[in-house]
$ cat final02.cif   # mmCIF, C-alpha atoms
data_start
#
loop_
_atom_site.label_atom_id
_atom_site.label_comp_id
_atom_site.auth_asym_id
_atom_site.auth_seq_id
_atom_site.Cartn_x
_atom_site.Cartn_y
_atom_site.Cartn_z
CA MET A 1 -21.35 26.63 7.40
CA PHE A 2 -18.25 28.39 6.07
CA TYR A 3 -16.07 25.85 7.90
CA LEU A 4 -17.93 22.92 6.32
CA LYS A 5 -17.51 24.43 2.86
CA CYS A 6 -13.77 24.81 3.47
CA VAL A 7 -13.51 21.20 4.63
CA ASN A 8 -15.42 19.94 1.59
CA PHE A 9 -13.28 22.07 -0.73
CA ALA A 10 -10.07 20.70 0.85
CA ALA A 11 -11.32 17.11 0.56
CA ASN A 12 -12.20 17.62 -3.10
CA GLU A 13 -8.82 19.17 -3.80
CA THR A 14 -7.06 16.21 -2.12
CA THR A 15 -9.07 13.71 -4.17
CA ASN A 16 -8.31 15.59 -7.40
CA ASN A 17 -4.60 15.68 -6.58
CA ILE A 18 -4.57 11.92 -5.92
CA LEU A 19 -6.30 11.23 -9.26
CA LYS A 20 -3.86 13.49 -11.10
CA HIS A 21 -0.86 11.70 -9.58
CA MET A 22 -2.38 8.29 -10.41
CA LYS A 23 -2.91 9.28 -14.05
CA LYS A 24 0.62 10.66 -14.41
CA ALA A 25 2.19 7.59 -12.80
CA LEU A 26 0.16 5.22 -15.00
CA VAL A 27 1.24 7.09 -18.14
CA VAL A 28 4.90 6.82 -17.11
CA CYS A 29 4.55 3.08 -16.40
CA SER A 30 2.74 2.54 -19.70
CA LEU A 31 5.41 4.36 -21.70
CA ALA A 32 8.09 2.27 -20.00
CA LEU A 33 6.21 -0.91 -20.93
CA LEU A 34 5.64 0.22 -24.53
CA SER A 35 9.37 0.72 -25.08
CA PHE A 36 9.89 -3.03 -24.66
CA ILE A 37 6.96 -4.29 -26.78
CA PRO A 38 7.85 -6.89 -29.44
CA ALA A 39 5.62 -7.32 -32.50
CA SER A 40 3.70 -10.31 -31.05
CA ALA A 41 3.08 -8.81 -27.61
CA GLN A 42 -0.42 -8.29 -26.24
CA PHE A 43 -1.14 -5.09 -24.34
CA SER A 44 -4.17 -4.65 -22.09
CA TRP A 45 -5.56 -2.17 -19.54
CA GLY A 46 -7.72 -2.81 -16.56
CA ILE A 47 -8.97 -1.96 -13.09
CA ARG A 48 -7.63 -3.68 -9.98
CA GLY A 49 -8.94 -3.71 -6.42
CA GLY A 50 -8.64 -5.78 -3.30
CA LEU A 51 -7.84 -6.14 0.40
CA ASN A 52 -4.69 -5.46 2.42
CA LEU A 53 -4.27 -7.79 5.38
CA VAL A 54 -1.42 -6.23 7.36
CA ASN A 55 1.04 -7.71 9.83
CA ASN A 56 2.87 -4.85 11.56
CA ASP A 57 6.30 -5.53 13.03
CA ILE A 58 7.01 -2.95 15.71
CA THR A 59 9.53 -3.90 18.37
CA LYS A 60 8.02 -3.14 21.75
CA VAL A 61 10.02 -0.64 23.77
CA SER A 62 8.08 -1.16 26.98
CA LYS A 63 5.76 -3.70 28.47
CA GLU A 64 2.83 -1.30 28.20
CA SER A 65 3.42 -0.03 24.65
CA ALA A 66 0.90 -2.44 23.04
CA VAL A 67 1.39 -1.20 19.48
CA ASP A 68 1.30 -4.51 17.56
CA LYS A 69 -1.86 -5.28 15.64
CA ASP A 70 -1.99 -8.18 13.19
CA SER A 71 -4.47 -8.53 10.35
CA TYR A 72 -5.39 -4.86 10.01
CA THR A 73 -7.77 -4.83 7.05
CA GLY A 74 -7.33 -2.07 4.47
CA PHE A 75 -7.99 -1.87 0.74
CA PHE A 76 -6.49 -0.80 -2.59
CA PHE A 77 -7.80 0.08 -6.05
CA GLY A 78 -6.65 1.71 -9.28
CA PRO A 79 -5.74 1.26 -12.94
CA MET A 80 -3.29 -1.35 -14.21
CA ALA A 81 -1.56 -2.25 -17.48
CA GLU A 82 -0.20 -5.59 -18.66
CA LEU A 83 2.16 -6.52 -21.47
CA GLN A 84 2.42 -10.22 -22.34
CA ILE A 85 4.27 -12.23 -24.98
CA PRO A 86 1.84 -15.10 -25.78
CA ILE A 87 4.31 -17.70 -27.09
CA ILE A 88 6.54 -17.82 -24.03
CA GLY A 89 3.95 -16.64 -21.46
CA ILE A 90 6.18 -13.96 -19.94
CA GLY A 91 4.93 -10.44 -19.37
CA ILE A 92 5.13 -7.29 -17.27
CA ASP A 93 2.35 -6.10 -15.00
CA ALA A 94 2.27 -2.55 -13.61
CA ALA A 95 -0.36 -0.64 -11.64
CA VAL A 96 -1.00 2.67 -9.90
CA LEU A 97 -3.04 2.02 -6.77
CA TYR A 98 -4.50 4.05 -3.95
CA SER A 99 -3.69 1.88 -0.93
CA GLN A 100 -4.79 2.07 2.70
CA LYS A 101 -3.35 0.20 5.63
CA GLY A 102 -2.43 1.09 9.21
CA PHE A 103 -1.96 -0.07 12.76
CA GLU A 104 -3.40 0.31 16.22
CA VAL A 105 -1.60 2.86 18.36
CA SER A 106 -3.65 2.32 21.51
CA ASP A 107 -6.69 0.36 22.67
CA ASP A 108 -9.09 2.73 20.91
CA GLU A 109 -7.00 4.63 18.33
CA THR A 110 -5.60 3.69 14.93
CA MET A 111 -3.21 5.41 12.54
CA LYS A 112 -4.23 5.15 8.88
CA ASN A 113 -1.47 4.86 6.30
CA HIS A 114 -2.57 6.24 2.90
CA SER A 115 -0.26 5.85 -0.07
CA LEU A 116 0.07 5.80 -3.83
CA ALA A 117 1.45 2.32 -4.55
CA ILE A 118 3.21 1.45 -7.83
CA PRO A 119 3.89 -2.32 -8.14
CA VAL A 120 5.80 -3.57 -11.19
CA SER A 121 5.97 -7.36 -11.61
CA LEU A 122 7.46 -9.87 -14.00
CA LYS A 123 4.63 -12.27 -14.76
CA TYR A 124 4.67 -15.84 -16.09
CA SER A 125 1.37 -17.31 -17.32
CA LEU A 126 0.63 -20.97 -18.07
CA GLY A 127 -2.49 -21.66 -20.13
CA LEU A 128 -5.05 -24.28 -19.12
CA GLY A 129 -7.08 -24.14 -22.31
CA ASN A 130 -8.65 -21.23 -24.16
CA PHE A 131 -10.50 -19.76 -21.19
CA ALA A 132 -8.20 -20.19 -18.19
CA ALA A 133 -4.58 -19.81 -17.08
CA VAL A 134 -2.53 -19.67 -13.92
CA TYR A 135 0.15 -17.06 -13.34
CA PHE A 136 3.09 -16.37 -11.06
CA ALA A 137 4.43 -12.86 -10.46
CA ALA A 138 7.24 -11.13 -8.60
CA GLY A 139 8.74 -7.65 -8.55
CA PRO A 140 9.28 -4.41 -6.62
CA GLN A 141 6.66 -2.02 -5.28
CA PHE A 142 7.16 1.66 -4.54
CA ASP A 143 4.85 3.47 -2.10
CA PHE A 144 4.50 7.24 -1.78
CA LYS A 145 2.61 8.38 1.32
CA ILE A 146 -0.36 10.73 1.07
CA GLY A 147 -1.59 12.89 3.94
CA ASP A 148 -0.30 13.28 7.49
CA LEU A 149 2.89 11.41 8.36
CA ASP A 150 3.13 12.21 12.08
CA ARG A 151 0.98 11.30 15.05
CA LYS A 152 1.52 12.17 18.71
CA PHE A 153 -0.84 11.59 21.62
CA ASN A 154 -0.97 10.89 25.34
CA ASP A 155 -1.68 7.36 26.48
CA GLY A 156 -2.35 7.81 30.17
CA ASP A 157 0.74 9.46 31.64
CA ASP A 158 2.90 8.36 28.70
CA VAL A 159 3.43 9.88 25.23
CA LYS A 160 3.51 7.95 21.94
CA GLU A 161 4.94 9.38 18.74
CA PHE A 162 4.68 7.88 15.24
CA ALA A 163 6.48 9.28 12.19
CA LEU A 164 5.98 7.61 8.78
CA ASP A 165 8.52 7.88 5.95
CA ARG A 166 7.37 9.74 2.84
CA SER A 167 8.35 6.83 0.54
CA THR A 168 9.04 3.12 1.00
CA TRP A 169 9.68 0.09 -1.18
CA SER A 170 9.06 -3.64 -0.95
CA ILE A 171 9.03 -6.90 -2.91
CA ASN A 172 5.86 -8.62 -4.16
CA ILE A 173 5.50 -12.38 -4.67
CA GLY A 174 2.17 -13.73 -5.88
CA ALA A 175 0.10 -16.14 -7.93
CA GLY A 176 -3.39 -16.31 -9.34
CA VAL A 177 -5.71 -17.36 -12.13
CA LYS A 178 -6.93 -15.74 -15.34
CA LEU A 179 -10.46 -16.49 -16.52
CA ILE A 180 -12.18 -15.80 -19.87
CA ASN A 181 -9.34 -13.41 -20.83
CA HIS A 182 -10.76 -10.60 -18.69
CA ILE A 183 -10.82 -11.64 -15.02
CA GLN A 184 -7.76 -12.12 -12.80
CA ALA A 185 -7.97 -13.27 -9.19
CA GLY A 186 -4.75 -13.34 -7.22
CA VAL A 187 -3.03 -13.64 -3.86
CA ASN A 188 0.07 -11.57 -3.21
CA TYR A 189 2.55 -11.29 -0.34
CA ASN A 190 4.27 -7.94 0.10
CA ILE A 191 7.65 -8.18 1.86
CA PRO A 192 9.02 -4.90 3.28
CA VAL A 193 12.56 -3.85 2.35
CA SER A 194 12.58 -0.35 3.81
CA LYS A 195 10.88 0.73 7.02
CA GLU A 196 7.43 2.35 7.14
CA GLY A 197 8.60 4.84 9.72
CA ALA A 198 9.58 5.07 13.37
CA TYR A 199 7.90 4.77 16.73
CA LYS A 200 8.97 6.55 19.90
CA PHE A 201 7.68 5.99 23.40
CA LYS A 202 8.11 8.47 26.25
CA GLU A 203 7.48 6.71 29.53
CA SER A 204 6.45 8.63 32.63
CA PRO A 205 7.39 6.62 35.74
CA THR A 206 6.40 9.57 37.93
CA PRO A 207 4.16 12.58 37.12
CA GLY A 208 6.05 15.38 35.41
CA THR A 209 9.06 13.26 34.40
CA TYR A 210 9.75 11.22 31.24
CA ILE A 211 12.12 8.52 30.08
CA ASP A 212 12.79 9.25 26.39
CA ASN A 213 13.25 5.92 24.56
CA GLU A 214 15.17 5.52 21.31
CA PRO A 215 13.10 5.43 18.07
CA VAL A 216 12.13 1.95 16.87
CA ASP A 217 11.60 1.02 13.21
CA ILE A 218 8.13 0.10 11.94
CA LYS A 219 7.80 -2.48 9.13
CA SER A 220 4.61 -3.85 7.60
CA SER A 221 4.27 -7.07 5.63
CA VAL A 222 0.99 -7.37 3.72
CA LEU A 223 -1.07 -10.28 2.44
CA GLN A 224 -3.16 -9.04 -0.49
CA PHE A 225 -6.20 -10.48 -2.23
CA SER A 226 -6.89 -8.86 -5.60
CA LEU A 227 -9.47 -8.92 -8.37
CA THR A 228 -8.68 -7.44 -11.79
CA TRP A 229 -10.84 -6.76 -14.84
CA THR A 230 -8.94 -6.18 -18.09
CA PHE A 231 -10.26 -4.59 -21.28
#
$ encode --input "final02.cif" --output "structure tokens"
Amino acid sequence: MFYLKCVNFAANETTNNILKHMKKALVVCSLALLSFIPASAQFSWGIRGGLNLVNNDITKVSKESAVDKDSYTGFFFGPMAELQIPIIGIGIDAAVLYSQKGFEVSDDETMKNHSLAIPVSLKYSLGLGNFAAVYFAAGPQFDFKIGDLDRKFNDGDDVKEFALDRSTWSINIGAGVKLINHIQAGVNYNIPVSKEGAYKFKESPTPGTYIDNEPVDIKSSVLQFSLTWTF
């Protein structure tokens, strides 16, 4: 019983820390946006959530490594802020999102990748009447990993090691629609610039001996589907 209480306490502390970091990051992004606000600009807040469809690029270091897994489904959610200049349709969109993705490390094991994602995009909106618009967006995204970064396990006679980087960055390109001034539905492609981490494979051709392979970079491109409600 004491162990369960400790586990619950640790989980609650982790959740509280994540929320605190999200609030601080959103405040920083909001202040940065406010410093560029012209008199006619429109500022709005909202909540964003959606799916991460991941394509992991891990160069195989042996025939038996089997570490590629396409279309790993994760999710993301968190607060967002948008600043838009109505006359020219250009704005800035920023968010602080809890994001989950990952990859398969063996036939029956996966490694979850939890992070605090901060995308900042330049956004161009084109109105289709009073109740609808289409938009196009592009910009950088910065990810800060949360939780364990390392994973090591035996796969038969061989050993696999995964080590994620604490922070990464990428480029977002996306488009979507705005409806009734409150709903945004979008599709976004996240292109990696830095690596997610490294993978190392220790092969055992005979019991008790290993061939230590060089580390291989891990990169993850992500197709995202998002839904946003603004206030």
$ resolve_selection --input "final02.cif" --expression "the PyMOL selection byres ((chain A and resi 176-193) around 8)" --output "PyMOL selection string"
chain A and resi 130-136+168-175+194-195+219-231
$ resolve_selection --input "final02.cif" --expression "the PyMOL selection byres ((chain A and resi 84-91) around 8)" --output "PDB file with C-alpha atoms, in the frame of the given file"
ATOM      1  CA  PRO A  38       7.850  -6.890 -29.440  1.00  0.00           C
ATOM      2  CA  SER A  40       3.700 -10.310 -31.050  1.00  0.00           C
ATOM      3  CA  ALA A  41       3.080  -8.810 -27.610  1.00  0.00           C
ATOM      4  CA  GLN A  42      -0.420  -8.290 -26.240  1.00  0.00           C
ATOM      5  CA  PHE A  43      -1.140  -5.090 -24.340  1.00  0.00           C
ATOM      6  CA  GLU A  82      -0.200  -5.590 -18.660  1.00  0.00           C
ATOM      7  CA  LEU A  83       2.160  -6.520 -21.470  1.00  0.00           C
ATOM      8  CA  ILE A  92       5.130  -7.290 -17.270  1.00  0.00           C
ATOM      9  CA  ASP A  93       2.350  -6.100 -15.000  1.00  0.00           C
ATOM     10  CA  LEU A 122       7.460  -9.870 -14.000  1.00  0.00           C
ATOM     11  CA  LYS A 123       4.630 -12.270 -14.760  1.00  0.00           C
ATOM     12  CA  TYR A 124       4.670 -15.840 -16.090  1.00  0.00           C
ATOM     13  CA  SER A 125       1.370 -17.310 -17.320  1.00  0.00           C
ATOM     14  CA  LEU A 126       0.630 -20.970 -18.070  1.00  0.00           C
TER      15      LEU A 126
END
$ closest_residue --input "final02.cif" --among "A:Gly74, A:Gly197, A:Pro119, A:Gly127" --to "Gln141 in chain A" --atoms "only C-alpha atoms"
A:Pro119
$ residues_around --input "final02.cif" --residues "Ala95 in chain A" --least-positions-apart "6" --cutoff "6 Å" --atoms "only C-alpha atoms" --output "count of residues only"
4
$ residues_around --input "final02.cif" --residues "range 199-214 of chain A" --least-positions-apart "4" --cutoff "6 Å" --atoms "all atoms listed in the file" --output "PDB file with C-alpha atoms, in the frame of the given file"
ATOM      1  CA  ASP A 157       0.740   9.460  31.640  1.00  0.00           C
ATOM      2  CA  ASP A 158       2.900   8.360  28.700  1.00  0.00           C
ATOM      3  CA  VAL A 159       3.430   9.880  25.230  1.00  0.00           C
ATOM      4  CA  LYS A 160       3.510   7.950  21.940  1.00  0.00           C
ATOM      5  CA  GLU A 161       4.940   9.380  18.740  1.00  0.00           C
ATOM      6  CA  PHE A 162       4.680   7.880  15.240  1.00  0.00           C
TER       7      PHE A 162
END
$ closest_residue --input "final02.cif" --among "A:Phe76, A:Asp143, A:Arg166, A:Leu116" --to "Leu53 in chain A" --atoms "only C-alpha atoms"
A:Phe76
$ residues_around --input "final02.cif" --residues "Leu97 in chain A" --least-positions-apart "2" --cutoff "6 Å" --atoms "all atoms listed in the file" --output "PDB file with C-alpha atoms, in the frame of the given file"
ATOM      1  CA  PHE A  77      -7.800   0.080  -6.050  1.00  0.00           C
ATOM      2  CA  GLY A  78      -6.650   1.710  -9.280  1.00  0.00           C
ATOM      3  CA  SER A  99      -3.690   1.880  -0.930  1.00  0.00           C
ATOM      4  CA  LEU A 116       0.070   5.800  -3.830  1.00  0.00           C
ATOM      5  CA  ALA A 117       1.450   2.320  -4.550  1.00  0.00           C
TER       6      ALA A 117
END
